[in-house]
Amino acid sequence: MVFAKTLTCDAGARAIIERLRRAGHRAYLVGGCVRDQLMGRTPADWDVATDATPERIEALFERVVPVGKAFGVMIVVRPEGDYEVATFRGDGDYHDGRRPTTVTFTGPEEDVQRRDFTINALLYDPVAGEVLDYVGGVADIAAGLIRTVGEASLRFREDRLRLLRAVRFAARTGFRLEPSTAAAVRALAPLAATVSAERTGDELTRMLGEGAARRSFEMLEACGLLGVVLPEVAAMRGVPQPPEFHPEGDVWEHTLAMLELWDRRVQSWRQADADADEPGKPDAVDAGADEPGSPASAPPEAAGLTGSPEERAILGWAVLLHDVGKPGTLTDTDRIRFHGHDDLGASLAQEVLNRLRRPKRLVQAVQAVVAGHMRFIHIKGMREAKRRRFVQSPLFPLELELHRLDCV
């Protein structure tokens with residue numbers, strides 16, 4: 001189905017499309033840049049799909065990087081940035097749960113049938129001002145649904161990372177999993193254990209840094225995925241806490257509450273970034289996203305944070321894992337206690353992040369922040385020299401932010 005719709009087209013992507021068309025090829029915007037604009041969001045990337053073969057793309061453009069030439073995926077380098085340009089294709093069988101064994105170059109109607117979710121399988125013709133929808137993606141955006149293209153179990157078996165991606169897209173967009181898609185995720189959840197550790201770690205890091213971490217991890221648990229990819233985190237559920245200190249509930253409920261506050265922080269950083277990109281708009285310090293007086297309401301700049309991707313990754317993982325040591329240290333002989341949960345938590349955080357092949361710098365930072373997250377309750381009793389070393393540590397801004405979020 002073709003919908004008349006005027007969307008924006010990045011200057012570099014438009015130049016690529018126009019060059020391909022002058023050479024006699026079909027070319028369209030595809031995927032996230034179409035989806036995001038239909039949802040009223042600003043795209044992060046601009047991808048192009050075309051019937052030009054990889055060899056033709058190399059011939060037509062001066063700077064091309066063949067990142068996935070066998071699969072028809074090339075990067076065209078322009079002054080505006082790097083652009084993925086992919087040849088329309090149909091995929092053969094998947095034997096490794098990640099990549100097709102063969103591909104056949106085809107047309108746009110066939111190409112979108114291999115994609116993961118309908119909302120990601122839309123094409124846009126910037127010349128005609130038309131959205132090409134062969135899979136019902138426009139209707140699913142209007143209905144707020146995440147639906148696989150074609151049979152859900154087949155799509156998830158082709159690339160098992162899609163089980164996690166379904167959750168991330170639902171959380172990020174605020175959409176619901178379409179019933180047959182949700183049923184397939186639950187039925188096939190054990191297959192997530194076969195996804196490479198690095199790909200799983202990348203996907204979980206994205207969940208923690210997109211401003212929808214609480215919903216992501218609630219959905220991971222509801223779909224049966226949390227215990228598969230993060231059994232240490234799943235073990236938090238049902239672990240009681242002293243109600244006088246944690247009226248919000250058990251360790252898992254406390255972690256979810258912290259993730260919600262963390263989401264507000266990420267959203268405020270993202271809003272500040274968006275405001276900074278808008279000419280004529282005043283600078284936004286935290287954008288007023290949090291309620292006054294809430295644990296996350298202080299400007300992050302006051303703690304020396306910038307909201308960089310590295311900081312978001314460290315803090316996101318630290319929030320998720322800061323109490324991961326509580327299930328293993330619970331005692332309740334006289335009252336509920338967790339002696340040494342910070343030390344055990346730091347050890348488990350290191351184990352989890354190493355298993356997920358996270359960068360060494362990230363692992364060390366998260367481990368240190370988790371290990372030190374109880375130090376603030378002792379700060380008044382510290383000697384002046386020790387207190388000075390504490391606050392002058394390069395990690396102190398991160399530790400302070402985690403403590404602020406922990407005051408739920």
# chains A, B, ... in the order shown; residues from 1 in each chain; ligands from 1
call {"tool": "residues_around", "arguments": {"residues": "region 7-21 of chain A", "least_positions_apart": "2", "cutoff": "10 Å", "atoms": "only C-alpha atoms", "output": "PyMOL selection string"}}
result
chain A and resi 4-5+23-29+33-34+37-38+42-43+45-52+56-57+60-61+76-85+124-127+129-131
call {"tool": "select_by_dssp", "arguments": {"residues": "region 149-251 of chain A", "states": "helix (DSSP H, G or I)", "output": "JSON, numbers by chain"}}
result
{"A": [152, 153, 154, 155, 156, 157, 158, 162, 163, 164, 165, 166, 167, 168, 169, 170, 171, 172, 173, 179, 180, 181, 182, 183, 184, 185, 186, 187, 188, 189, 190, 191, 192, 193, 194, 197, 198, 199, 200, 201, 202, 203, 204, 205, 206, 207, 208, 209, 213, 214, 215, 216, 217, 218, 219, 220, 221, 222, 226, 227, 228, 229, 231, 232, 233, 234, 251]}
call {"tool": "write_last_selection", "arguments": {"atoms": "C-alpha atoms", "output": "PDB file, in the first residue's frame"}}
result
ATOM      1  CA  ALA A 152       6.633 -14.845  14.501  1.00  0.00           C
ATOM      2  CA  SER A 153       8.348 -18.116  15.408  1.00  0.00           C
ATOM      3  CA  LEU A 154      10.143 -18.173  12.049  1.00  0.00           C
ATOM      4  CA  ARG A 155      11.395 -14.596  12.433  1.00  0.00           C
ATOM      5  CA  PHE A 156      12.704 -15.291  15.948  1.00  0.00           C
ATOM      6  CA  ARG A 157      14.378 -18.558  14.987  1.00  0.00           C
ATOM      7  CA  GLU A 158      16.134 -16.825  12.076  1.00  0.00           C
ATOM      8  CA  ARG A 162      15.045 -10.505  17.863  1.00  0.00           C
ATOM      9  CA  LEU A 163      13.530 -11.927  21.059  1.00  0.00           C
ATOM     10  CA  LEU A 164      15.310  -9.180  22.996  1.00  0.00           C
ATOM     11  CA  ARG A 165      14.786  -6.593  20.279  1.00  0.00           C
ATOM     12  CA  ALA A 166      11.022  -7.147  20.428  1.00  0.00           C
ATOM     13  CA  VAL A 167      11.094  -6.203  24.100  1.00  0.00           C
ATOM     14  CA  ARG A 168      13.366  -3.203  23.555  1.00  0.00           C
ATOM     15  CA  PHE A 169      11.251  -1.798  20.738  1.00  0.00           C
ATOM     16  CA  ALA A 170       8.043  -2.271  22.737  1.00  0.00           C
ATOM     17  CA  ALA A 171       9.540  -0.512  25.764  1.00  0.00           C
ATOM     18  CA  ARG A 172      11.172   2.256  23.760  1.00  0.00           C
ATOM     19  CA  THR A 173       8.058   3.072  21.732  1.00  0.00           C
ATOM     20  CA  PRO A 179      -0.560 -11.304  20.797  1.00  0.00           C
ATOM     21  CA  SER A 180       0.981 -13.880  18.448  1.00  0.00           C
ATOM     22  CA  THR A 181       4.327 -12.080  18.639  1.00  0.00           C
ATOM     23  CA  ALA A 182       4.179 -12.042  22.454  1.00  0.00           C
ATOM     24  CA  ALA A 183       3.248 -15.731  22.553  1.00  0.00           C
ATOM     25  CA  ALA A 184       6.219 -16.602  20.348  1.00  0.00           C
ATOM     26  CA  VAL A 185       8.609 -14.605  22.545  1.00  0.00           C
ATOM     27  CA  ARG A 186       7.442 -16.494  25.635  1.00  0.00           C
ATOM     28  CA  ALA A 187       7.569 -19.877  23.899  1.00  0.00           C
ATOM     29  CA  LEU A 188      11.030 -19.322  22.427  1.00  0.00           C
ATOM     30  CA  ALA A 189      12.603 -17.439  25.354  1.00  0.00           C
ATOM     31  CA  PRO A 190      15.087 -20.280  26.116  1.00  0.00           C
ATOM     32  CA  LEU A 191      16.653 -19.697  22.680  1.00  0.00           C
ATOM     33  CA  ALA A 192      17.978 -16.349  23.924  1.00  0.00           C
ATOM     34  CA  ALA A 193      20.675 -18.345  25.723  1.00  0.00           C
ATOM     35  CA  THR A 194      22.167 -19.232  22.323  1.00  0.00           C
ATOM     36  CA  ALA A 197      27.264 -12.882  24.731  1.00  0.00           C
ATOM     37  CA  GLU A 198      28.457  -9.712  23.027  1.00  0.00           C
ATOM     38  CA  ARG A 199      25.225  -9.205  21.069  1.00  0.00           C
ATOM     39  CA  THR A 200      23.167  -9.843  24.201  1.00  0.00           C
ATOM     40  CA  GLY A 201      25.293  -7.369  26.152  1.00  0.00           C
ATOM     41  CA  ASP A 202      24.907  -4.736  23.450  1.00  0.00           C
ATOM     42  CA  GLU A 203      21.122  -5.121  23.450  1.00  0.00           C
ATOM     43  CA  LEU A 204      20.855  -4.941  27.245  1.00  0.00           C
ATOM     44  CA  THR A 205      23.078  -1.845  27.302  1.00  0.00           C
ATOM     45  CA  ARG A 206      20.738  -0.190  24.815  1.00  0.00           C
ATOM     46  CA  MET A 207      17.757  -1.046  27.030  1.00  0.00           C
ATOM     47  CA  LEU A 208      19.471   0.608  29.980  1.00  0.00           C
ATOM     48  CA  GLY A 209      20.313   3.783  28.076  1.00  0.00           C
ATOM     49  CA  ALA A 213      14.758   0.635  31.260  1.00  0.00           C
ATOM     50  CA  ARG A 214      12.058  -0.111  33.824  1.00  0.00           C
ATOM     51  CA  ARG A 215       9.548  -1.237  31.201  1.00  0.00           C
ATOM     52  CA  SER A 216      12.248  -3.175  29.345  1.00  0.00           C
ATOM     53  CA  PHE A 217      13.177  -5.238  32.388  1.00  0.00           C
ATOM     54  CA  GLU A 218       9.582  -5.704  33.493  1.00  0.00           C
ATOM     55  CA  MET A 219       8.860  -7.102  30.039  1.00  0.00           C
ATOM     56  CA  LEU A 220      11.973  -9.284  30.053  1.00  0.00           C
ATOM     57  CA  GLU A 221      10.714 -10.864  33.247  1.00  0.00           C
ATOM     58  CA  ALA A 222       7.109 -11.186  32.049  1.00  0.00           C
ATOM     59  CA  LEU A 226      15.230 -12.261  32.292  1.00  0.00           C
ATOM     60  CA  GLY A 227      16.133 -15.571  33.912  1.00  0.00           C
ATOM     61  CA  VAL A 228      17.705 -16.717  30.644  1.00  0.00           C
ATOM     62  CA  VAL A 229      20.000 -13.750  30.017  1.00  0.00           C
ATOM     63  CA  PRO A 231      19.714 -15.085  36.154  1.00  0.00           C
ATOM     64  CA  GLU A 232      21.532 -13.082  38.838  1.00  0.00           C
ATOM     65  CA  VAL A 233      19.047 -10.236  38.369  1.00  0.00           C
ATOM     66  CA  ALA A 234      16.043 -12.564  38.187  1.00  0.00           C
ATOM     67  CA  VAL A 251      14.823  -6.185  46.077  1.00  0.00           C
TER      68      VAL A 251
END
call {"tool": "select_by_dssp", "arguments": {"residues": "region 65-252 of chain A", "states": "strand (DSSP E)", "output": "count of residues only"}}
result
33
call {"tool": "closest_residue", "arguments": {"among": "A:Thr255, A:Ser393, A:Thr148, A:Ser268", "to": "Thr118 (chain A)", "atoms": "only C-alpha atoms"}}
result
A:Thr148
call {"tool": "closest_residue", "arguments": {"among": "A:Gly345, A:Gly307, A:Gly40, A:Gly68", "to": "Leu321 (chain A)", "atoms": "only C-alpha atoms"}}
result
A:Gly345
call {"tool": "residues_around", "arguments": {"residues": "Ala365 (chain A)", "least_positions_apart": "4", "cutoff": "12 Å", "atoms": "only C-alpha atoms", "output": "number ranges by chain"}}
result
A: 310-318, 346, 349-350, 353, 358-361, 369-372, 393-399
call {"tool": "atom_distance", "arguments": {"atom1": "CA of Asp111 (chain A)", "atom2": "CA of Arg89 (chain A)"}}
result
4.9 Å
call {"tool": "closest_residue", "arguments": {"among": "A:Pro309, A:Asn120, A:Ile141, A:Gly92", "to": "Leu362 (chain A)", "atoms": "only C-alpha atoms"}}
result
A:Pro309
call {"tool": "atom_distance", "arguments": {"atom1": "CA of Arg335 (chain A)", "atom2": "CA of Val239 (chain A)"}}
result
13.5 Å
call {"tool": "atom_distance", "arguments": {"atom1": "CA of Arg63 (chain A)", "atom2": "CA of Gly32 (chain A)"}}
result
23.7 Å
call {"tool": "decode", "arguments": {"residues": "region 307-396 of chain A", "atoms": "C-alpha atoms", "output": "compact mmCIF listing (two decimals), in the first residue's frame"}}
result
# COMPACT_ATOMS: atom_id res chain seq x y z
CA GLY A 307 25.30 12.34 30.21
CA SER A 308 27.84 10.89 27.80
CA PRO A 309 27.22 7.41 26.35
CA GLU A 310 29.94 6.02 28.62
CA GLU A 311 28.37 7.54 31.73
CA ARG A 312 24.96 6.24 30.73
CA ALA A 313 26.31 2.74 30.25
CA ILE A 314 28.14 2.74 33.59
CA LEU A 315 25.24 4.15 35.57
CA GLY A 316 22.63 2.03 33.82
CA TRP A 317 24.45 -1.18 34.68
CA ALA A 318 25.26 0.09 38.19
CA VAL A 319 21.59 0.81 38.88
CA LEU A 320 20.57 -2.63 37.64
CA LEU A 321 23.30 -4.50 39.54
CA HIS A 322 23.88 -2.43 42.69
CA ASP A 323 21.86 -4.83 44.87
CA VAL A 324 22.60 -8.04 42.96
CA GLY A 325 24.48 -9.27 46.04
CA LYS A 326 21.44 -9.15 48.32
CA PRO A 327 19.95 -12.58 47.48
CA GLY A 328 23.23 -14.23 48.47
CA THR A 329 23.70 -12.32 51.74
CA LEU A 330 20.17 -12.34 53.19
CA THR A 331 19.89 -13.19 56.90
CA ASP A 332 16.77 -12.76 59.00
CA THR A 333 17.57 -14.21 62.42
CA ASP A 334 16.59 -11.04 64.29
CA ARG A 335 15.76 -8.74 61.39
CA ILE A 336 16.42 -8.66 57.66
CA ARG A 337 20.08 -7.89 56.95
CA PHE A 338 22.40 -8.02 53.93
CA HIS A 339 25.89 -7.85 55.43
CA GLY A 340 28.52 -7.60 52.70
CA HIS A 341 26.03 -7.35 49.84
CA ASP A 342 28.04 -4.49 48.33
CA ASP A 343 31.19 -6.63 48.12
CA LEU A 344 29.37 -9.68 46.78
CA GLY A 345 27.44 -7.43 44.41
CA ALA A 346 30.67 -5.98 43.01
CA SER A 347 32.00 -9.49 42.40
CA LEU A 348 28.77 -10.59 40.70
CA ALA A 349 28.65 -7.40 38.62
CA GLN A 350 32.15 -8.15 37.36
CA GLU A 351 31.13 -11.72 36.57
CA VAL A 352 27.98 -10.67 34.71
CA LEU A 353 29.66 -7.96 32.66
CA ASN A 354 32.65 -10.12 31.77
CA ARG A 355 30.27 -12.86 30.66
CA LEU A 356 28.51 -10.33 28.42
CA ARG A 357 31.86 -9.23 26.97
CA ARG A 358 31.54 -5.63 28.10
CA PRO A 359 34.57 -3.34 27.70
CA LYS A 360 37.14 -3.63 30.48
CA ARG A 361 36.82 0.06 31.39
CA LEU A 362 33.05 -0.34 31.84
CA VAL A 363 33.43 -3.50 33.93
CA GLN A 364 35.95 -1.87 36.26
CA ALA A 365 33.86 1.27 36.69
CA VAL A 366 30.61 -0.58 37.41
CA GLN A 367 32.37 -2.93 39.81
CA ALA A 368 33.87 0.00 41.73
CA VAL A 369 30.60 1.97 41.87
CA VAL A 370 28.65 -1.08 43.08
CA ALA A 371 31.34 -1.87 45.67
CA GLY A 372 31.19 1.68 47.03
CA HIS A 373 27.47 2.37 46.93
CA MET A 374 27.06 1.99 50.72
CA ARG A 375 29.90 4.38 51.60
CA PHE A 376 27.65 7.42 51.78
CA ILE A 377 26.01 6.20 54.99
CA HIS A 378 29.45 6.27 56.63
CA ILE A 379 30.64 9.59 55.21
CA LYS A 380 30.00 11.57 58.41
CA GLY A 381 32.28 9.25 60.36
CA MET A 382 35.12 9.35 57.85
CA ARG A 383 38.37 11.06 58.70
CA GLU A 384 38.92 14.23 56.74
CA ALA A 385 41.70 12.74 54.60
CA LYS A 386 39.60 9.70 53.70
CA ARG A 387 36.58 11.87 52.94
CA ARG A 388 38.70 14.07 50.69
CA ARG A 389 40.01 11.05 48.77
CA PHE A 390 36.45 9.80 48.41
CA VAL A 391 35.02 12.99 46.91
CA GLN A 392 38.07 13.57 44.70
CA SER A 393 37.87 10.13 43.10
CA PRO A 394 37.20 10.23 39.33
CA LEU A 395 34.22 7.94 39.97
CA PHE A 396 32.68 10.12 42.69
